[in-house]
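Shown below: start-v5.cif, with mmCIF, C-alpha atoms and all ligand atoms.
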data_my_file
#
loop_
_atom_site.label_atom_id
_atom_site.label_comp_id
_atom_site.auth_asym_id
_atom_site.auth_seq_id
_atom_site.Cartn_x
_atom_site.Cartn_y
_atom_site.Cartn_z
CA MET A 24 -10.17 8.55 25.67
CA GLU A 25 -9.13 6.14 22.99
CA GLU A 26 -5.77 6.98 21.49
CA ARG A 27 -5.90 8.07 17.85
CA LYS A 28 -4.16 5.69 15.58
CA LYS A 29 -1.89 6.88 12.79
CA LYS A 30 -3.39 6.07 9.39
CA TYR A 31 -1.89 5.50 5.98
CA ILE A 32 -3.70 6.75 2.91
CA ILE A 33 -2.00 5.44 -0.19
CA ALA A 34 -2.85 6.61 -3.72
CA ASN A 35 -1.98 4.00 -6.33
CA TRP A 36 -2.25 5.78 -9.67
CA LYS A 37 -1.31 2.62 -11.57
CA MET A 38 -0.51 3.36 -15.26
CA ASN A 39 -2.31 6.70 -15.40
CA LYS A 40 -1.35 10.38 -15.83
CA ASN A 41 1.87 11.89 -17.17
CA ILE A 42 4.33 14.43 -15.79
CA TYR A 43 2.08 17.36 -16.69
CA THR A 44 -1.22 15.99 -15.34
CA GLY A 45 0.50 14.30 -12.40
CA VAL A 46 2.22 17.49 -11.25
CA ASN A 47 -0.96 19.52 -11.74
CA TYR A 48 -2.84 17.06 -9.56
CA ILE A 49 -0.21 17.34 -6.81
CA LEU A 50 -0.23 21.15 -6.95
CA SER A 51 -3.99 21.20 -6.71
CA PHE A 52 -3.94 18.66 -3.86
CA MET A 53 -1.47 20.77 -1.89
CA LEU A 54 -3.52 23.92 -2.46
CA ASP A 55 -6.65 22.37 -0.96
CA TYR A 56 -4.90 20.39 1.72
CA LYS A 57 -6.08 22.00 4.96
CA GLU A 58 -3.73 23.07 7.72
CA GLY A 59 -5.25 20.54 10.09
CA ASN A 60 -4.17 17.79 7.76
CA LEU A 61 -0.62 19.01 7.87
CA GLU A 62 -0.53 18.57 11.61
CA SER A 63 -2.02 15.14 11.46
CA GLU A 64 0.12 12.11 12.18
CA ASN A 65 -1.37 10.37 9.19
CA GLU A 66 0.79 9.56 6.20
CA VAL A 67 -0.39 10.40 2.70
CA ILE A 68 1.59 8.45 0.15
CA PHE A 69 1.43 8.86 -3.63
CA ALA A 70 2.47 6.04 -5.93
CA PRO A 71 2.80 7.50 -9.44
CA SER A 72 4.60 5.86 -12.37
CA PHE A 73 8.41 5.90 -12.36
CA THR A 74 8.49 8.63 -15.03
CA MET A 75 6.80 11.13 -12.69
CA LEU A 76 8.79 10.41 -9.54
CA ASP A 77 11.42 13.08 -10.10
CA ALA A 78 8.98 15.89 -10.90
CA ILE A 79 6.63 15.06 -8.02
CA ASN A 80 9.48 14.49 -5.60
CA SER A 81 10.68 18.05 -6.10
CA LYS A 82 7.16 19.50 -5.81
CA ILE A 83 6.48 17.91 -2.42
CA LYS A 84 9.82 18.88 -0.91
CA GLY A 85 9.27 20.21 2.60
CA LYS A 86 5.71 18.84 2.73
CA LYS A 87 4.43 15.96 4.77
CA LEU A 88 3.48 14.00 1.66
CA LYS A 89 5.47 10.91 0.69
CA LEU A 90 6.10 8.80 -2.36
CA ALA A 91 5.96 5.12 -3.16
CA ALA A 92 7.10 3.29 -6.27
CA GLN A 93 4.60 0.84 -7.80
CA ASN A 94 7.20 -1.87 -8.24
CA MET A 95 10.95 -2.52 -8.39
CA PHE A 96 13.40 -5.32 -9.18
CA PHE A 97 15.45 -6.97 -6.45
CA ALA A 98 18.97 -6.59 -7.86
CA LYS A 99 21.06 -3.50 -7.17
CA GLU A 100 22.23 -3.17 -10.79
CA GLY A 101 23.07 -5.24 -13.83
CA ALA A 102 21.76 -6.64 -17.08
CA PHE A 103 18.02 -6.46 -16.35
CA THR A 104 16.62 -4.49 -19.27
CA GLY A 105 13.59 -2.43 -18.40
CA GLU A 106 13.85 -2.83 -14.64
CA ILE A 107 14.32 -0.30 -11.82
CA SER A 108 16.52 -1.12 -8.84
CA PRO A 109 16.06 -0.26 -5.17
CA THR A 110 19.11 1.99 -5.22
CA MET A 111 17.67 3.94 -8.19
CA LEU A 112 14.56 4.60 -6.10
CA LYS A 113 16.80 5.97 -3.34
CA ASP A 114 17.51 8.92 -5.68
CA PHE A 115 14.21 10.43 -4.52
CA ASN A 116 14.38 11.66 -0.97
CA LYS A 117 10.59 11.63 -0.46
CA LEU A 118 10.31 8.06 -1.64
CA GLU A 119 10.11 5.80 1.41
CA TYR A 120 7.83 3.04 0.17
CA VAL A 121 7.51 0.52 -2.61
CA ILE A 122 4.36 -1.42 -3.49
CA LEU A 123 5.27 -5.07 -4.03
CA GLY A 124 3.24 -7.95 -5.37
CA HIS A 125 0.19 -5.97 -6.44
CA SER A 126 -2.34 -8.43 -7.86
CA GLU A 127 -2.03 -6.77 -11.29
CA ARG A 128 1.68 -7.62 -11.27
CA ARG A 129 0.90 -11.16 -10.19
CA ASP A 130 -1.80 -11.50 -12.82
CA TYR A 131 -0.41 -9.72 -15.92
CA PHE A 132 3.31 -10.09 -15.24
CA ILE A 133 3.20 -13.53 -13.63
CA GLU A 134 4.99 -12.45 -10.45
CA SER A 135 5.22 -15.25 -7.95
CA PHE A 136 5.45 -14.87 -4.19
CA GLU A 137 8.96 -16.30 -4.46
CA LEU A 138 9.92 -13.28 -6.58
CA ILE A 139 7.94 -10.92 -4.35
CA ASN A 140 9.85 -12.27 -1.36
CA LYS A 141 13.18 -11.42 -3.05
CA LYS A 142 11.89 -7.92 -3.69
CA VAL A 143 10.70 -7.54 -0.09
CA LYS A 144 14.14 -8.51 1.23
CA ALA A 145 15.89 -6.21 -1.26
CA ALA A 146 13.64 -3.28 -0.33
CA LEU A 147 14.44 -3.76 3.36
CA LYS A 148 18.14 -4.17 2.65
CA TYR A 149 18.28 -0.84 0.81
CA GLY A 150 16.15 1.06 3.31
CA LEU A 151 12.79 1.08 1.52
CA LYS A 152 9.54 0.13 3.23
CA PRO A 153 7.57 -2.56 1.38
CA ILE A 154 3.81 -2.34 0.95
CA ILE A 155 3.07 -6.03 0.41
CA CYS A 156 -0.20 -6.79 -1.37
CA VAL A 157 -2.05 -10.01 -0.68
CA GLY A 158 -5.60 -11.15 -1.32
CA GLU A 159 -7.82 -13.89 -2.67
CA THR A 160 -9.62 -14.23 -6.00
CA GLU A 161 -13.38 -14.47 -6.33
CA GLU A 162 -13.16 -18.25 -6.91
CA GLU A 163 -11.05 -18.67 -3.79
CA LYS A 164 -13.50 -16.59 -1.79
CA ASN A 165 -16.43 -18.67 -3.04
CA ALA A 166 -14.55 -21.86 -2.25
CA GLU A 167 -14.08 -20.48 1.30
CA VAL A 168 -10.29 -20.82 1.18
CA THR A 169 -9.47 -17.15 1.81
CA HIS A 170 -7.58 -17.81 5.04
CA GLN A 171 -5.53 -20.63 3.52
CA ILE A 172 -4.62 -18.41 0.55
CA LEU A 173 -3.59 -15.54 2.81
CA VAL A 174 -1.54 -17.88 4.99
CA ARG A 175 0.35 -19.12 1.94
CA GLN A 176 0.91 -15.64 0.48
CA LEU A 177 2.07 -14.15 3.78
CA THR A 178 4.33 -17.09 4.59
CA GLU A 179 6.02 -16.93 1.19
CA ALA A 180 6.29 -13.13 1.16
CA LEU A 181 7.91 -13.10 4.61
CA GLU A 182 10.31 -16.02 4.18
CA GLY A 183 13.63 -15.01 5.75
CA VAL A 184 12.37 -11.55 6.81
CA LYS A 185 13.62 -10.63 10.29
CA ILE A 186 11.11 -9.91 13.01
CA THR A 187 12.82 -6.57 13.62
CA ASP A 188 11.89 -5.55 10.05
CA LEU A 189 8.16 -6.22 10.43
CA ASN A 190 7.50 -2.69 11.66
CA LYS A 191 8.82 -1.34 8.35
CA ILE A 192 6.23 -3.27 6.35
CA ILE A 193 2.70 -2.26 5.43
CA PHE A 194 0.46 -5.22 4.60
CA ALA A 195 -2.18 -4.32 2.04
CA TYR A 196 -5.12 -6.69 2.12
CA GLU A 197 -6.60 -6.41 -1.34
CA PRO A 198 -9.23 -9.01 -2.22
CA ILE A 199 -8.83 -9.32 -5.99
CA TRP A 200 -12.57 -9.48 -6.60
CA ALA A 201 -12.90 -6.02 -5.02
CA ILE A 202 -10.20 -4.27 -7.08
CA GLY A 203 -11.63 -1.86 -9.62
CA THR A 204 -14.99 -3.62 -9.54
CA GLY A 205 -17.01 -1.41 -7.22
CA LYS A 206 -17.58 -4.47 -5.04
CA THR A 207 -16.31 -4.02 -1.52
CA MET A 208 -16.00 -6.13 1.47
CA THR A 209 -17.76 -4.78 4.54
CA PRO A 210 -15.39 -2.72 6.71
CA LYS A 211 -16.08 -5.15 9.54
CA GLU A 212 -14.94 -8.10 7.42
CA ALA A 213 -11.80 -6.20 6.38
CA ASN A 214 -11.17 -5.50 10.06
CA GLU A 215 -11.44 -9.22 10.83
CA ILE A 216 -8.83 -9.99 8.18
CA ALA A 217 -6.49 -7.37 9.68
CA ASP A 218 -6.96 -9.07 13.04
CA PHE A 219 -6.19 -12.40 11.38
CA PHE A 220 -2.93 -10.91 9.99
CA ASP A 221 -1.82 -10.03 13.53
CA ARG A 222 -2.66 -13.48 14.79
CA PHE A 223 -1.17 -15.38 11.88
CA ILE A 224 2.05 -13.36 11.58
CA GLY A 225 2.39 -13.60 15.35
CA ARG A 226 2.18 -17.36 15.01
CA LEU A 227 4.72 -17.30 12.19
CA TYR A 228 7.20 -15.40 14.37
CA GLU A 229 6.16 -17.25 17.52
CA THR A 230 5.32 -14.12 19.49
CA PRO A 231 2.22 -11.94 19.83
CA LEU A 232 2.54 -8.90 17.61
CA THR A 233 0.65 -6.21 15.75
CA VAL A 234 1.38 -5.44 12.12
CA THR A 235 0.29 -2.49 9.99
CA THR A 236 -2.55 -3.48 7.69
CA VAL A 237 -4.40 -1.35 5.16
CA TYR A 238 -7.38 -2.34 3.06
CA GLY A 239 -7.60 -1.89 -0.72
CA GLY A 240 -10.31 -2.66 -3.23
CA SER A 241 -12.86 -0.10 -4.48
CA VAL A 242 -12.19 2.29 -1.61
CA ASN A 243 -13.96 5.59 -2.29
CA ALA A 244 -15.18 8.74 -0.58
CA ALA A 245 -18.43 7.00 0.37
CA ASN A 246 -16.93 4.03 2.21
CA SER A 247 -13.62 5.41 3.54
CA LYS A 248 -14.99 6.85 6.80
CA GLU A 249 -16.27 3.50 7.98
CA LEU A 250 -13.02 1.80 7.00
CA PHE A 251 -11.06 4.36 9.03
CA SER A 252 -13.20 3.66 12.08
CA GLN A 253 -12.18 -0.02 12.19
CA PRO A 254 -9.82 -0.62 15.13
CA LYS A 255 -7.55 -3.12 13.37
CA LEU A 256 -7.22 -1.30 10.06
CA ASP A 257 -4.41 1.23 9.68
CA GLY A 258 -5.61 2.85 6.50
CA VAL A 259 -6.47 2.36 2.86
CA LEU A 260 -4.86 1.79 -0.52
CA VAL A 261 -6.87 3.62 -3.14
CA GLY A 262 -6.73 2.98 -6.88
CA GLY A 263 -9.47 4.43 -9.08
CA ALA A 264 -10.73 7.01 -6.57
CA SER A 265 -7.22 8.39 -6.09
CA LEU A 266 -7.07 9.60 -9.69
CA ASP A 267 -9.50 12.41 -8.97
CA VAL A 268 -7.93 14.98 -6.68
CA LYS A 269 -11.19 16.04 -5.00
CA LYS A 270 -12.30 12.48 -4.31
CA PHE A 271 -8.91 11.58 -2.90
CA LEU A 272 -8.76 14.71 -0.76
CA LYS A 273 -12.12 13.80 0.75
CA ILE A 274 -10.73 10.36 1.69
CA VAL A 275 -7.64 11.98 3.24
CA GLU A 276 -9.85 14.34 5.24
CA ASP A 277 -12.05 11.47 6.42
CA ALA A 278 -8.96 9.88 7.92
CA ASN A 279 -8.40 12.95 10.07
CA GLU A 280 -11.82 12.96 11.68
P1 LIG B 301 -9.23 0.26 -6.76
O1 LIG B 301 -7.74 -0.30 -6.79
O2 LIG B 301 -9.33 1.23 -5.63
O3 LIG B 301 -9.42 0.91 -8.11
O4 LIG B 301 -10.13 -0.92 -6.56
C1 LIG B 301 -7.08 -0.63 -5.61
C2 LIG B 301 -5.74 -1.24 -5.91
O5 LIG B 301 -5.63 -2.01 -6.88
O6 LIG B 301 -4.74 -0.97 -5.25
#

Take the structure I supplied and represent it as structure tokens, if you would.
Amino acid sequence: MEERKKKYIIANWKMNKNIYTGVNYILSFMLDYKEGNLESENEVIFAPSFTMLDAINSKIKGKKLKLAAQNMFFAKEGAFTGEISPTMLKDFNKLEYVILGHSERRDYFIESFELINKKVKAALKYGLKPIICVGETEEEKNAEVTHQILVRQLTEALEGVKITDLNKIIFAYEPIWAIGTGKTMTPKEANEIADFFDRFIGRLYETPLTVTTVYGGSVNAANSKELFSQPKLDGVLVGGASLDVKKFLKIVEDANE
């Protein structure tokens, strides 16, 4: 029998909810979360805004659920008004992950892959696991340069990252044209990109290897099952559909089937 693969189901709430609605969501999620899910190897990771981390961290104490930050700065401390450091994130014992380089950060906040690379190295240095987002725009897809774009983004994001740290990284393939648009790539195509990540990163490190890759971009309860059945995909990063507790729970349950 084929061995079941551990899956990651990541809820990116973006700039939504507040402490009250965020905590209520989590309480309701935990209430409906079936026993079988608790035994599953899969990791369910919530990425709320910084302001909710403390409240949610204490609510999920002792549960299998985990937290991710949606961003961070690379310095440990100093005169960086408005920023959050990796060591500040270490205040929350359920927070293991940090999303880095989300396309909204690259687009609205002009984050470059040079900056993202500094954040990736800082996250690893301080014991956080980076969820690195990469993906092409619609124009790049139409110009058939997706692979070249991904090669450049991955190369820059991983500059100076040790091979022994690769197993701490989740690669999130998020085609920009599929984010929040309702347009999705076919699960098979997403699977091919995940396969390409293995091959390309293997080439970068001059050894065959397998990395952890999740797909993001209009994932919902109707398409998640097929995404989970793809051999090269290790899970999903869910934006819009993660805001509704019932929809997200359905996706989490699909991952356990
Ligand atoms: P979406 O967002 O599921 O709303 O498309 C995904 C993401 O941006 O991470």

_Any residue with an atom at most 7 Å from ligand LIG 301 (chain B) counts, using all atoms listed in the file. Which are they? Put them as JSON, numbers by chain._
{"A": [35, 197, 201, 202, 203, 204, 205, 239, 240, 241, 242, 260, 261, 262, 263, 264]}

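Atom pair atom CA of Met38 of chain A / atom CA of Lys273 of chain A: separated by 22.4 Å.
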
*In file coordinates, which residues lie within 8 Å of (-8.2, 9.4, 6.6) using all atoms listed in the file, given as a VMD selection string?*
chain A and resid 30 to 32 65 247 to 248 251 258 274 to 280

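Between atom CA of Lys255 of chain A and atom CA of Leu151 of chain A lies a distance of 23.9 Å.
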
*Just give me the gap between atom CA of Ile83 of chain A and atom CA of Ile154 of chain A in Å, one decimal is fine.*
20.7 Å

Might I get the box with edges along x, y and z of the file that holds all atoms of segment 151-154 of chain A listed there, padded by 4 Å on every side, given as centre and edge lengths in Å to one decimal, as lines of an AutoDock Vina configuration file?
center_x = 8.3
center_y = -0.7
center_z = 2.1
size_x = 17.0
size_y = 11.6
size_z = 10.3
